[in-house]
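Read through the structure below, which is laid out as structure tokens, and then see the notes.
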Amino acid sequence: MKKLFLLILAIFTLLLTSNAFAQFGEPEVRKKEVPKNLYDEGYRSGFGFLFGANDFGFGVGGQYRKVLNRYTEAHLTFKISGIKDPREQTFIDYFFGTKTVPDKYKRVISFPLSLGLKKRFLAKQISDNFRVFGSLSGGPVFAFSYPYYNDSNNNGFRENDPTLYDRFERTNDIFSGWNDGDWHLGLTGSAEIGIDFNSNFANLQSFQFGYNFFYFDNGLQILEPAKPLFGANGSPRYSGGKLQTTTNYDPKKYYGSAQISFIFGWMWD
């Protein structure tokens, strides 16, 4: 009798438990809300001032953005920055603050204009005030090169030691030698990852890090194309009153560097 009672009690308990689960059931699956984005908030265009740095130095420029959909934007970027040969080295006199760059032949200023596309990633996983994106861009680059020093005899080598040479060729300051400059046309491209900050989408605040390159089909002669020949006694060799030279550095076609950029501006509808 006792065993029968326990069996009936167990069955009754099981029925009550099943009934309770049937009443409550499984909770409904809530759909995750669409993250806030420029497109849904009504912003379609933007402009920002760009400040960047890479292995060649600092650069400034501007960027126009066009919102295409919730997570995609097109952008047009114009910059002004220098280009240096990665083989050059700069020495600084810490007493007088003067800089010396051995073998330097030309200064170069670049004006890249690139069209790109940026895509926001992990929109549903990361807060809207920390919008992670990736970007690819490319386009033409115009470069202006001008003499680093006054090469008075045009032999491609700076004669800067009066004890060895029959002349002394001084370096130009940054504003000298422009009349002897040349323009060059090349290609530029970059790949970057970055973050758009601020939950107020009207304010454009971005940080981006990536890789940028320049390519010039004919190359840029940034370092000296020639170097002097010396005799057995260690003195420079002259012939007909001219310093004898041989090949030194060839023009370089490809210039690449890691870079970081900050962009500050505003968005509008």
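Just so we're on the same page: first chain in the structure tokens is A, next is B, and so on; residues restart at 1 for each chain, and ligands are numbered from 1 in the order they show up.
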Counting only C-alpha atoms, what are the residues of region 119-193 of chain A within 10 Å of region 242-253 of chain A, and for each of them which pair of atoms is the nearest and at what distance in Å, to one decimal? Sort the table by chain and rising number, as JSON lines.
```
{"residue": "A:Asn153", "atom": "CA", "partner": "A:Lys242", "partner_atom": "CA", "distance": 8.8}
{"residue": "A:Asn155", "atom": "CA", "partner": "A:Thr245", "partner_atom": "CA", "distance": 7.9}
{"residue": "A:Gly156", "atom": "CA", "partner": "A:Thr245", "partner_atom": "CA", "distance": 8.7}
{"residue": "A:Phe157", "atom": "CA", "partner": "A:Thr245", "partner_atom": "CA", "distance": 8.2}
{"residue": "A:Glu159", "atom": "CA", "partner": "A:Leu243", "partner_atom": "CA", "distance": 9.5}
{"residue": "A:Tyr165", "atom": "CA", "partner": "A:Leu243", "partner_atom": "CA", "distance": 8.4}
{"residue": "A:Asp166", "atom": "CA", "partner": "A:Leu243", "partner_atom": "CA", "distance": 9.2}
{"residue": "A:Gly186", "atom": "CA", "partner": "A:Lys253", "partner_atom": "CA", "distance": 9.2}
```
Next on the checklist: Which residues are close to region 109-121 of chain A, i.e. within 8 Å by only C-alpha atoms, leaving aside same-chain residues fewer than 5 positions away? Reply as a PyMOL selection string.
Outcome noted: chain A and resi 71-83+131-145+188-189
Could the residues in this selection be written to a file with N, CA and C atoms, as a PDB file, in the first residue's frame?
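What landed in again.pdb:
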```pdb
ATOM      1  N   TYR A  71      26.162  51.242 -43.199  1.00  0.00           N
ATOM      2  CA  TYR A  71      27.512  50.972 -42.709  1.00  0.00           C
ATOM      3  C   TYR A  71      28.607  51.236 -43.741  1.00  0.00           C
ATOM      4  N   THR A  72      28.290  51.918 -44.829  1.00  0.00           N
ATOM      5  CA  THR A  72      29.269  52.141 -45.891  1.00  0.00           C
ATOM      6  C   THR A  72      29.338  53.616 -46.261  1.00  0.00           C
ATOM      7  N   GLU A  73      30.558  54.118 -46.433  1.00  0.00           N
ATOM      8  CA  GLU A  73      30.773  55.505 -46.854  1.00  0.00           C
ATOM      9  C   GLU A  73      31.843  55.547 -47.943  1.00  0.00           C
ATOM     10  N   ALA A  74      31.705  56.492 -48.847  1.00  0.00           N
ATOM     11  CA  ALA A  74      32.765  56.809 -49.809  1.00  0.00           C
ATOM     12  C   ALA A  74      33.469  58.066 -49.308  1.00  0.00           C
ATOM     13  N   HIS A  75      34.752  58.207 -49.637  1.00  0.00           N
ATOM     14  CA  HIS A  75      35.462  59.413 -49.198  1.00  0.00           C
ATOM     15  C   HIS A  75      36.487  59.847 -50.248  1.00  0.00           C
ATOM     16  N   LEU A  76      36.661  61.141 -50.337  1.00  0.00           N
ATOM     17  CA  LEU A  76      37.641  61.760 -51.225  1.00  0.00           C
ATOM     18  C   LEU A  76      38.622  62.529 -50.355  1.00  0.00           C
ATOM     19  N   THR A  77      39.909  62.189 -50.457  1.00  0.00           N
ATOM     20  CA  THR A  77      40.916  62.753 -49.554  1.00  0.00           C
ATOM     21  C   THR A  77      42.023  63.450 -50.335  1.00  0.00           C
ATOM     22  N   PHE A  78      42.365  64.643 -49.894  1.00  0.00           N
ATOM     23  CA  PHE A  78      43.499  65.382 -50.469  1.00  0.00           C
ATOM     24  C   PHE A  78      44.473  65.708 -49.348  1.00  0.00           C
ATOM     25  N   LYS A  79      45.770  65.454 -49.595  1.00  0.00           N
ATOM     26  CA  LYS A  79      46.778  65.691 -48.561  1.00  0.00           C
ATOM     27  C   LYS A  79      47.988  66.411 -49.147  1.00  0.00           C
ATOM     28  N   ILE A  80      48.748  67.014 -48.257  1.00  0.00           N
ATOM     29  CA  ILE A  80      50.045  67.595 -48.594  1.00  0.00           C
ATOM     30  C   ILE A  80      51.048  67.032 -47.596  1.00  0.00           C
ATOM     31  N   SER A  81      52.078  66.390 -48.082  1.00  0.00           N
ATOM     32  CA  SER A  81      53.089  65.805 -47.196  1.00  0.00           C
ATOM     33  C   SER A  81      54.400  65.650 -47.940  1.00  0.00           C
ATOM     34  N   GLY A  82      55.455  65.410 -47.199  1.00  0.00           N
ATOM     35  CA  GLY A  82      56.768  65.218 -47.802  1.00  0.00           C
ATOM     36  C   GLY A  82      57.010  63.753 -48.154  1.00  0.00           C
ATOM     37  N   ILE A  83      58.015  63.536 -48.995  1.00  0.00           N
ATOM     38  CA  ILE A  83      58.478  62.189 -49.305  1.00  0.00           C
ATOM     39  C   ILE A  83      59.986  62.155 -49.093  1.00  0.00           C
ATOM     40  N   ARG A 131      32.879  53.272 -33.272  1.00  0.00           N
ATOM     41  CA  ARG A 131      32.534  52.577 -34.512  1.00  0.00           C
ATOM     42  C   ARG A 131      33.805  52.184 -35.283  1.00  0.00           C
ATOM     43  N   VAL A 132      34.082  50.900 -35.313  1.00  0.00           N
ATOM     44  CA  VAL A 132      35.291  50.370 -35.964  1.00  0.00           C
ATOM     45  C   VAL A 132      35.043  50.234 -37.473  1.00  0.00           C
ATOM     46  N   PHE A 133      36.020  50.627 -38.280  1.00  0.00           N
ATOM     47  CA  PHE A 133      35.863  50.531 -39.731  1.00  0.00           C
ATOM     48  C   PHE A 133      37.175  50.146 -40.411  1.00  0.00           C
ATOM     49  N   GLY A 134      37.033  49.683 -41.645  1.00  0.00           N
ATOM     50  CA  GLY A 134      38.173  49.434 -42.514  1.00  0.00           C
ATOM     51  C   GLY A 134      38.024  50.282 -43.762  1.00  0.00           C
ATOM     52  N   SER A 135      39.143  50.652 -44.382  1.00  0.00           N
ATOM     53  CA  SER A 135      39.094  51.560 -45.521  1.00  0.00           C
ATOM     54  C   SER A 135      40.172  51.212 -46.545  1.00  0.00           C
ATOM     55  N   LEU A 136      39.792  51.315 -47.831  1.00  0.00           N
ATOM     56  CA  LEU A 136      40.727  51.168 -48.942  1.00  0.00           C
ATOM     57  C   LEU A 136      40.572  52.377 -49.857  1.00  0.00           C
ATOM     58  N   SER A 137      41.690  52.892 -50.371  1.00  0.00           N
ATOM     59  CA  SER A 137      41.614  54.054 -51.258  1.00  0.00           C
ATOM     60  C   SER A 137      42.791  54.069 -52.217  1.00  0.00           C
ATOM     61  N   GLY A 138      42.644  54.836 -53.281  1.00  0.00           N
ATOM     62  CA  GLY A 138      43.710  54.956 -54.268  1.00  0.00           C
ATOM     63  C   GLY A 138      43.430  56.092 -55.221  1.00  0.00           C
ATOM     64  N   GLY A 139      44.470  56.502 -55.968  1.00  0.00           N
ATOM     65  CA  GLY A 139      44.306  57.590 -56.919  1.00  0.00           C
ATOM     66  C   GLY A 139      45.642  58.144 -57.367  1.00  0.00           C
ATOM     67  N   PRO A 140      45.644  59.294 -58.011  1.00  0.00           N
ATOM     68  CA  PRO A 140      46.894  59.898 -58.487  1.00  0.00           C
ATOM     69  C   PRO A 140      47.607  60.684 -57.388  1.00  0.00           C
ATOM     70  N   VAL A 141      48.898  60.861 -57.557  1.00  0.00           N
ATOM     71  CA  VAL A 141      49.682  61.723 -56.666  1.00  0.00           C
ATOM     72  C   VAL A 141      50.581  62.601 -57.527  1.00  0.00           C
ATOM     73  N   PHE A 142      50.584  63.880 -57.227  1.00  0.00           N
ATOM     74  CA  PHE A 142      51.485  64.825 -57.879  1.00  0.00           C
ATOM     75  C   PHE A 142      52.607  65.148 -56.893  1.00  0.00           C
ATOM     76  N   ALA A 143      53.833  65.103 -57.367  1.00  0.00           N
ATOM     77  CA  ALA A 143      54.977  65.370 -56.506  1.00  0.00           C
ATOM     78  C   ALA A 143      55.831  66.476 -57.115  1.00  0.00           C
ATOM     79  N   PHE A 144      56.307  67.366 -56.260  1.00  0.00           N
ATOM     80  CA  PHE A 144      57.174  68.459 -56.705  1.00  0.00           C
ATOM     81  C   PHE A 144      58.529  68.290 -56.027  1.00  0.00           C
ATOM     82  N   SER A 145      59.577  68.144 -56.841  1.00  0.00           N
ATOM     83  CA  SER A 145      60.931  67.992 -56.305  1.00  0.00           C
ATOM     84  C   SER A 145      61.756  69.222 -56.656  1.00  0.00           C
ATOM     85  N   THR A 188      49.024  56.547 -55.878  1.00  0.00           N
ATOM     86  CA  THR A 188      49.046  56.378 -54.433  1.00  0.00           C
ATOM     87  C   THR A 188      47.933  55.437 -54.017  1.00  0.00           C
ATOM     88  N   GLY A 189      48.098  54.771 -52.893  1.00  0.00           N
ATOM     89  CA  GLY A 189      47.069  53.880 -52.358  1.00  0.00           C
ATOM     90  C   GLY A 189      47.276  53.682 -50.877  1.00  0.00           C
TER      91      GLY A 189
END
```
What are the closest atom pairs, with distances in Å to one decimal, for each residue of region 39-97 of chain A lying within 12 Å of region 200-203 of chain A, using only C-alpha atoms, rows by chain and rising residue number, as a tab-separated table?
```
residue	atom	partner	partner_atom	distance
A:Tyr39	CA	A:Phe201	CA	10.1
A:Asp40	CA	A:Phe201	CA	10.9
A:Glu41	CA	A:Phe201	CA	8.0
A:Gly42	CA	A:Phe201	CA	9.6
A:Tyr43	CA	A:Ala202	CA	7.7
A:Arg44	CA	A:Ala202	CA	10.5
A:Ser45	CA	A:Ala202	CA	10.1
A:Gly46	CA	A:Ala202	CA	8.6
A:Phe47	CA	A:Asn203	CA	9.9
A:Gly48	CA	A:Asn203	CA	9.5
```
Item to check | Shell of 12 Å around Ala123 (chain A), only C-alpha atoms, local chain residues under 5 positions omitted, as a VMD selection string | outcome: chain A and resid 32 to 37 70 to 72 128 to 133 195 to 196
Checklist entry - Hey, which of A:Asn212, A:Asn233, A:Asn69, A:Ser206 ends up closest to Phe51 (chain A)? Count only C-alpha atoms. => result A:Ser206
Checklist entry - What separation in Å, quoted to one decimal, exists between CA of Arg167 (chain A) and CA of Thr100 (chain A)? => result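 Those two atoms sit 18.5 Å apart.
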